[in-house]
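Take a look at the structure set out below.
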Amino acid sequence: MLPVQHAANIVSLGEGMTPLLPLKRLGEEIGIADLWMKDEGIIPTGTFKARGATVGVSRAKELGIETIAMPTNGNAGAAWAVYAARAGMKAVIVMPVDAPKITRNECSISGVQLYLVDGLISDAGKIVGRAVEQYGWFDASTLKEPYRLEGKKTMGYEILEQFNWEIPDVILYPTGGGVGLIGIYKALRELQALGWIGEKLPRLVSVQASGCAPIVRAWEARQKSSEFWEHASTVAFGITVPKALGDFLVLEAVYETDGCAIAIDDDELLREQGAAARAEGTFMCPEGAATVAAARKLRESGWIRSGERVVLLNTGAGIKYPDTGMHEGDILILQPGDSLDLPHAP
Ligand SMILES: Cc1ncc(COP(=O)(O)O)c(C=O)c1O
């Protein structure tokens, strides 16, 4: 099911088979009793990007590639950096200067050549495009090589296996380049072709941030591809992609499954990040938290019906975004020897 031909070429750090957690308390509050979260926050590098990196780097190694280059919003670059190091391969990574700081460190400590661009991932992509022409490096940009997608489709296999091959009704996915969503859709179609599942497919929901929602705009206009989103900006940095190369594939997956696309404001997704953490102990990444807000809205509008089984993709760990989650007002500073004054003690 995956492209690597010889086991000796597999470059692994122990990724895969992440937990599928029931969110009972949060689900009750939202009105979705059968609510689940696929938690990608606990794999190497703390995001689902490790899935694309393990397959992409393994296959690149198998093909004898020595240097890979890629633009990234941070998390993918971090994942490819550590897997490249593990493979003994060189990597050149270009990311926006505003990408999560920790992803810089992950690249830096892995010994890759890191560049920061004072712009967006689309600007980084153009720089990488010119460099691969000039130096002949392997272009690992989203959907410019076919193997990263293969790694990401394993999320689809796992969700179904974890539900014992019963099909959930809805899967919500925070969409930037959309590779995860395209991958889940590919997995579903493969499982159908194998005869492991029947006709029914989950309705796939593309969740974006209001500050960068080209897929949502295209879906609302029933278009097959999206327009470049000017002045893209959101705290959910991983989904700041003004124009995805595979936008038409994301839209096809949404249309073919009777899904939908929905945009979430930054303050809403940050609020839901806190609500989920308090209800369930999950410190989701902002991108993942956007799916909580989307589920709530779609339940309120009736698009998600009572009794439906709903899966949220938490694509990464909240701890990769240390600027989120903190409410200064919650902290009281004590001096040594102080006692805890009621009413603050629980
Ligand atoms: C945490 C996180 N979630 C979601 C995404 C979006 O990924 P995709 O390209 O599959 O849409 C990214 C991409 O950087 C990310 O880092």
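Simple scheme: letters A, B, ... for chains in structure tokens order, numbers from 1 for residues in each chain, numbers from 1 for ligands in the order shown.
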
* Got a sec: who's within 8 Å of Thr240 of chain A, counting only C-alpha atoms, leaving out chain neighbours fewer than 6 positions off, as a PyMOL selection string? -> chain A and resi 73+120-121+176+209+212+232-234

* Asked: Would you name the residues within 6 Å of ligand 1, counting only C-alpha atoms and all ligand atoms, and put them as a list in words?
  ->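 Result of the 6 Å neighbour search around ligand 1: Thr47, Asn73, Asn75, Ala76, Pro174, Thr175, Gly176, Gly177, Gly178, Val179, Gly180, Gly238, Ile239, Glu287, Thr315 and Gly316 of chain A.
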
Residues as selected, N, CA and C atoms, written as a PDB file, in the first residue's frame, can you do that?
```
ATOM      1  N   THR A  47       3.563  16.501  15.045  1.00  0.00           N
ATOM      2  CA  THR A  47       2.480  16.741  14.087  1.00  0.00           C
ATOM      3  C   THR A  47       2.404  15.591  13.083  1.00  0.00           C
ATOM      4  N   ASN A  73       5.409  25.666   6.059  1.00  0.00           N
ATOM      5  CA  ASN A  73       4.889  26.578   7.088  1.00  0.00           C
ATOM      6  C   ASN A  73       5.476  26.226   8.452  1.00  0.00           C
ATOM      7  N   ASN A  75       5.984  23.069  10.297  1.00  0.00           N
ATOM      8  CA  ASN A  75       5.888  21.706  10.819  1.00  0.00           C
ATOM      9  C   ASN A  75       6.381  20.652   9.821  1.00  0.00           C
ATOM     10  N   ALA A  76       6.056  20.837   8.552  1.00  0.00           N
ATOM     11  CA  ALA A  76       6.519  19.854   7.556  1.00  0.00           C
ATOM     12  C   ALA A  76       8.046  19.929   7.445  1.00  0.00           C
ATOM     13  N   PRO A 174      -8.331  20.265   9.293  1.00  0.00           N
ATOM     14  CA  PRO A 174      -7.848  21.641   9.099  1.00  0.00           C
ATOM     15  C   PRO A 174      -6.987  21.716   7.842  1.00  0.00           C
ATOM     16  N   THR A 175      -7.400  22.507   6.889  1.00  0.00           N
ATOM     17  CA  THR A 175      -6.833  22.430   5.540  1.00  0.00           C
ATOM     18  C   THR A 175      -5.945  23.607   5.176  1.00  0.00           C
ATOM     19  N   GLY A 176      -4.698  23.307   4.856  1.00  0.00           N
ATOM     20  CA  GLY A 176      -3.786  24.293   4.287  1.00  0.00           C
ATOM     21  C   GLY A 176      -3.561  23.894   2.844  1.00  0.00           C
ATOM     22  N   GLY A 177      -2.469  23.132   2.610  1.00  0.00           N
ATOM     23  CA  GLY A 177      -2.237  22.555   1.290  1.00  0.00           C
ATOM     24  C   GLY A 177      -3.226  21.447   0.981  1.00  0.00           C
ATOM     25  N   GLY A 178      -3.813  20.881   2.016  1.00  0.00           N
ATOM     26  CA  GLY A 178      -4.888  19.903   1.855  1.00  0.00           C
ATOM     27  C   GLY A 178      -4.424  18.470   1.659  1.00  0.00           C
ATOM     28  N   VAL A 179      -3.120  18.224   1.831  1.00  0.00           N
ATOM     29  CA  VAL A 179      -2.608  16.884   1.531  1.00  0.00           C
ATOM     30  C   VAL A 179      -3.225  15.818   2.440  1.00  0.00           C
ATOM     31  N   GLY A 180      -3.449  16.183   3.705  1.00  0.00           N
ATOM     32  CA  GLY A 180      -4.052  15.221   4.625  1.00  0.00           C
ATOM     33  C   GLY A 180      -5.445  14.825   4.175  1.00  0.00           C
ATOM     34  N   GLY A 238      -0.190  26.702  10.337  1.00  0.00           N
ATOM     35  CA  GLY A 238      -0.057  25.606   9.374  1.00  0.00           C
ATOM     36  C   GLY A 238      -1.067  25.669   8.239  1.00  0.00           C
ATOM     37  N   ILE A 239      -2.168  26.377   8.471  1.00  0.00           N
ATOM     38  CA  ILE A 239      -3.176  26.430   7.406  1.00  0.00           C
ATOM     39  C   ILE A 239      -3.197  27.800   6.699  1.00  0.00           C
ATOM     40  N   GLU A 287      -4.679  24.654  14.706  1.00  0.00           N
ATOM     41  CA  GLU A 287      -5.304  24.109  13.492  1.00  0.00           C
ATOM     42  C   GLU A 287      -6.345  23.061  13.886  1.00  0.00           C
ATOM     43  N   THR A 315      -4.243  17.789  14.192  1.00  0.00           N
ATOM     44  CA  THR A 315      -3.062  17.529  13.375  1.00  0.00           C
ATOM     45  C   THR A 315      -1.736  17.732  14.114  1.00  0.00           C
ATOM     46  N   GLY A 316      -1.789  18.292  15.322  1.00  0.00           N
ATOM     47  CA  GLY A 316      -0.524  18.487  16.024  1.00  0.00           C
ATOM     48  C   GLY A 316      -0.713  18.809  17.502  1.00  0.00           C
TER      49      GLY A 316
END
```

* Quick one: pull the distance between atom CA of Val128 of chain A and atom CA of Gly46 of chain A, Å, one decimal. => 24.7 Å

* Asked: What's the 7 Å shell around Arg203 of chain A, counting only C-alpha atoms, without same-chain residues fewer than 3 positions away, as JSON, numbers by chain?
  -> {"A": [169, 170, 171, 257, 258, 259]}

Any chance you could export the current selection's C-alpha atoms as a CSV table (one decimal), in the first residue's frame?
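Okay, selection05.csv is ready:
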```
chain,number,residue,atom,x,y,z
A,169,ASP,CA,-20.4,10.0,9.3
A,170,VAL,CA,-18.2,13.1,9.2
A,171,ILE,CA,-14.4,13.8,9.3
A,257,THR,CA,-18.4,12.9,-0.3
A,258,ASP,CA,-21.2,15.5,0.1
A,259,GLY,CA,-18.9,17.3,2.5
```

* To do: Considering only C-alpha atoms, return as a PyMOL selection string whatever protein or nucleic-acid residues lie within 10 Å of Lys61 of chain A, sequence-local ones (same chain, fewer than 2 positions apart) excluded.
  => chain A and resi 4+9-11+55-59+63-67+84+87-89

* Asked: To one decimal place, how far is atom CA of Ala187 of chain A from atom CA of Trp165 of chain A in Å?
  -> 12.4 Å

* To do: Show which residues sit within 10 Å of Glu166 of chain A, as a PyMOL selection string. Count only C-alpha atoms, and ignore same-chain residues fewer than 4 positions away.
  => chain A and resi 159-162+197-198+200-201

* To do: Pick out each residue of segment 98-281 of chain A that DSSP on the backbone tags as strand (DSSP E or B); I need them as a list of chain:residue names.
  => A:Gln113, A:Leu114, A:Tyr115, A:Leu116, A:Val117, A:Phe138, A:Asp139, A:Val170, A:Ile171, A:Leu172, A:Tyr173, A:Pro174, A:Arg203, A:Leu204, A:Val205, A:Ser206, A:Val207, A:Gln208, A:Ala209, A:Cys212, A:Cys260, A:Ala261, A:Ile262, A:Ala263, A:Ile264

* Structure fact -> Here atom CA of Val241 of chain A and atom CA of Leu2 of chain A stand apart by 26.9 Å

Please provide as an mmCIF file with N, CA and C atoms, in the first residue's frame all residues within 7 Å of Val207 of chain A, with the sequence filter that same-chain residues fewer than 6 positions apart are discarded (counting only C-alpha atoms).
```cif
data_model
loop_
_atom_site.group_PDB
_atom_site.id
_atom_site.type_symbol
_atom_site.label_atom_id
_atom_site.label_comp_id
_atom_site.auth_asym_id
_atom_site.auth_seq_id
_atom_site.Cartn_x
_atom_site.Cartn_y
_atom_site.Cartn_z
ATOM 1 N N LEU A 172 -13.590 15.941 10.034
ATOM 2 C CA LEU A 172 -13.236 17.358 9.862
ATOM 3 C C LEU A 172 -11.721 17.497 9.868
ATOM 4 N N TYR A 173 -11.204 18.243 8.897
ATOM 5 C CA TYR A 173 -9.760 18.325 8.715
ATOM 6 C C TYR A 173 -9.318 19.782 8.510
ATOM 7 N N PRO A 174 -8.331 20.265 9.293
ATOM 8 C CA PRO A 174 -7.848 21.641 9.099
ATOM 9 C C PRO A 174 -6.987 21.716 7.842
ATOM 10 N N THR A 175 -7.400 22.507 6.889
ATOM 11 C CA THR A 175 -6.833 22.430 5.540
ATOM 12 C C THR A 175 -5.945 23.607 5.176
ATOM 13 N N ALA A 261 -17.169 22.996 3.325
ATOM 14 C CA ALA A 261 -15.978 23.746 3.738
ATOM 15 C C ALA A 261 -16.442 24.901 4.609
ATOM 16 N N ILE A 262 -15.688 25.190 5.643
ATOM 17 C CA ILE A 262 -16.145 26.195 6.624
ATOM 18 C C ILE A 262 -14.949 26.957 7.184
ATOM 19 N N ALA A 263 -15.136 28.261 7.386
ATOM 20 C CA ALA A 263 -14.042 29.105 7.903
ATOM 21 C C ALA A 263 -14.321 29.484 9.357
ATOM 22 N N ALA A 290 -9.499 24.413 15.394
ATOM 23 C CA ALA A 290 -10.458 24.960 14.423
ATOM 24 C C ALA A 290 -11.529 23.926 14.083
ATOM 25 N N THR A 291 -11.166 22.645 14.146
ATOM 26 C CA THR A 291 -12.163 21.608 13.817
ATOM 27 C C THR A 291 -13.219 21.490 14.921
ATOM 28 N N ALA A 294 -15.578 24.215 14.158
ATOM 29 C CA ALA A 294 -16.360 23.863 12.968
ATOM 30 C C ALA A 294 -17.447 22.848 13.325
#
```

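Take the candidates A:Gly274, A:Pro19, A:Pro3, A:Gly77 and check each one against Glu106 of chain A using only C-alpha atoms; the shortest distance goes to A:Gly77.
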
* Asked: For Leu23 of chain A, which residue out of A:Ile167, A:Leu35, A:Ala69, A:Met155 is the nearest one, using only C-alpha atoms?
  ->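 Between A:Ile167, A:Leu35, A:Ala69, A:Met155, the residue approaching Leu23 of chain A most closely is A:Leu35.
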
* Would you list, as a ChimeraX atom specification, the residues of segment 30-183 of chain A that end up in alpha helix (DSSP H) under DSSP run on this structure's backbone? => /A:30,49-62,75-87,101-109,121-135,147-152,154-162,179-183

Expected file contents, prior selection, C-alpha atoms, as a PDB file, in the first residue's frame:
```pdb
ATOM      1  CA  ILE A  30     -21.538  20.528  21.595  1.00  0.00           C
ATOM      2  CA  LYS A  49       3.737  15.837   9.083  1.00  0.00           C
ATOM      3  CA  ALA A  50       5.895  12.943  10.311  1.00  0.00           C
ATOM      4  CA  ARG A  51       3.708  10.600   8.245  1.00  0.00           C
ATOM      5  CA  GLY A  52       4.518  12.373   4.992  1.00  0.00           C
ATOM      6  CA  ALA A  53       8.162  12.691   5.990  1.00  0.00           C
ATOM      7  CA  THR A  54       8.729   9.026   6.832  1.00  0.00           C
ATOM      8  CA  VAL A  55       7.363   7.850   3.479  1.00  0.00           C
ATOM      9  CA  GLY A  56       8.771  10.741   1.442  1.00  0.00           C
ATOM     10  CA  VAL A  57      12.270  10.496   2.894  1.00  0.00           C
ATOM     11  CA  SER A  58      12.303   6.688   2.752  1.00  0.00           C
ATOM     12  CA  ARG A  59      11.372   6.693  -0.905  1.00  0.00           C
ATOM     13  CA  ALA A  60      13.834   9.497  -1.674  1.00  0.00           C
ATOM     14  CA  LYS A  61      16.545   7.415  -0.014  1.00  0.00           C
ATOM     15  CA  GLU A  62      15.512   4.394  -2.070  1.00  0.00           C
ATOM     16  CA  ASN A  75       5.888  21.706  10.819  1.00  0.00           C
ATOM     17  CA  ALA A  76       6.519  19.854   7.556  1.00  0.00           C
ATOM     18  CA  GLY A  77      10.034  21.309   7.345  1.00  0.00           C
ATOM     19  CA  ALA A  78      10.726  20.212  10.921  1.00  0.00           C
ATOM     20  CA  ALA A  79       9.525  16.690  10.161  1.00  0.00           C
ATOM     21  CA  TRP A  80      11.491  16.386   6.928  1.00  0.00           C
ATOM     22  CA  ALA A  81      14.561  17.798   8.672  1.00  0.00           C
ATOM     23  CA  VAL A  82      14.647  15.130  11.366  1.00  0.00           C
ATOM     24  CA  TYR A  83      13.832  12.284   8.978  1.00  0.00           C
ATOM     25  CA  ALA A  84      16.448  13.538   6.519  1.00  0.00           C
ATOM     26  CA  ALA A  85      19.003  13.522   9.337  1.00  0.00           C
ATOM     27  CA  ARG A  86      17.998   9.986  10.238  1.00  0.00           C
ATOM     28  CA  ALA A  87      18.422   8.971   6.609  1.00  0.00           C
ATOM     29  CA  LYS A 101       9.753  29.154  16.400  1.00  0.00           C
ATOM     30  CA  ILE A 102      10.229  25.605  17.602  1.00  0.00           C
ATOM     31  CA  THR A 103      10.162  24.365  14.016  1.00  0.00           C
ATOM     32  CA  ARG A 104      13.267  26.464  13.337  1.00  0.00           C
ATOM     33  CA  ASN A 105      15.039  24.719  16.185  1.00  0.00           C
ATOM     34  CA  GLU A 106      14.009  21.309  14.928  1.00  0.00           C
ATOM     35  CA  CYS A 107      15.498  22.140  11.525  1.00  0.00           C
ATOM     36  CA  SER A 108      18.583  23.736  12.968  1.00  0.00           C
ATOM     37  CA  ILE A 109      19.495  20.975  15.391  1.00  0.00           C
ATOM     38  CA  ILE A 121       4.794  29.831   2.140  1.00  0.00           C
ATOM     39  CA  SER A 122       3.899  30.841  -1.412  1.00  0.00           C
ATOM     40  CA  ASP A 123       7.013  33.074  -1.443  1.00  0.00           C
ATOM     41  CA  ALA A 124       9.110  30.252   0.021  1.00  0.00           C
ATOM     42  CA  GLY A 125       7.774  27.967  -2.720  1.00  0.00           C
ATOM     43  CA  LYS A 126       8.947  30.290  -5.468  1.00  0.00           C
ATOM     44  CA  ILE A 127      12.443  30.485  -3.950  1.00  0.00           C
ATOM     45  CA  VAL A 128      12.655  26.691  -3.679  1.00  0.00           C
ATOM     46  CA  GLY A 129      11.341  26.333  -7.229  1.00  0.00           C
ATOM     47  CA  ARG A 130      14.189  28.477  -8.560  1.00  0.00           C
ATOM     48  CA  ALA A 131      16.787  26.697  -6.398  1.00  0.00           C
ATOM     49  CA  VAL A 132      15.850  23.176  -7.500  1.00  0.00           C
ATOM     50  CA  GLU A 133      16.154  24.282 -11.143  1.00  0.00           C
ATOM     51  CA  GLN A 134      19.579  25.677 -10.431  1.00  0.00           C
ATOM     52  CA  TYR A 135      21.029  22.952  -8.197  1.00  0.00           C
ATOM     53  CA  TYR A 147       5.157  10.067  -1.821  1.00  0.00           C
ATOM     54  CA  ARG A 148       4.301  12.497   0.969  1.00  0.00           C
ATOM     55  CA  LEU A 149       0.622  12.003   0.142  1.00  0.00           C
ATOM     56  CA  GLU A 150       1.070   8.246   0.496  1.00  0.00           C
ATOM     57  CA  GLY A 151       2.282   8.718   4.055  1.00  0.00           C
ATOM     58  CA  LYS A 152      -0.610  10.969   4.955  1.00  0.00           C
ATOM     59  CA  THR A 154      -2.382   6.229   6.461  1.00  0.00           C
ATOM     60  CA  MET A 155      -4.506   8.474   8.707  1.00  0.00           C
ATOM     61  CA  GLY A 156      -7.511   7.281   6.685  1.00  0.00           C
ATOM     62  CA  TYR A 157      -6.553   3.603   7.038  1.00  0.00           C
ATOM     63  CA  GLU A 158      -6.035   4.003  10.777  1.00  0.00           C
ATOM     64  CA  ILE A 159      -9.328   5.766  11.451  1.00  0.00           C
ATOM     65  CA  LEU A 160     -11.251   2.966   9.753  1.00  0.00           C
ATOM     66  CA  GLU A 161      -9.217   0.209  11.364  1.00  0.00           C
ATOM     67  CA  GLN A 162      -9.731   1.803  14.776  1.00  0.00           C
ATOM     68  CA  VAL A 179      -2.608  16.884   1.531  1.00  0.00           C
ATOM     69  CA  GLY A 180      -4.052  15.221   4.625  1.00  0.00           C
ATOM     70  CA  LEU A 181      -7.596  15.526   3.307  1.00  0.00           C
ATOM     71  CA  ILE A 182      -6.634  14.346  -0.169  1.00  0.00           C
ATOM     72  CA  GLY A 183      -4.774  11.459   1.484  1.00  0.00           C
TER      73      GLY A 183
END
```
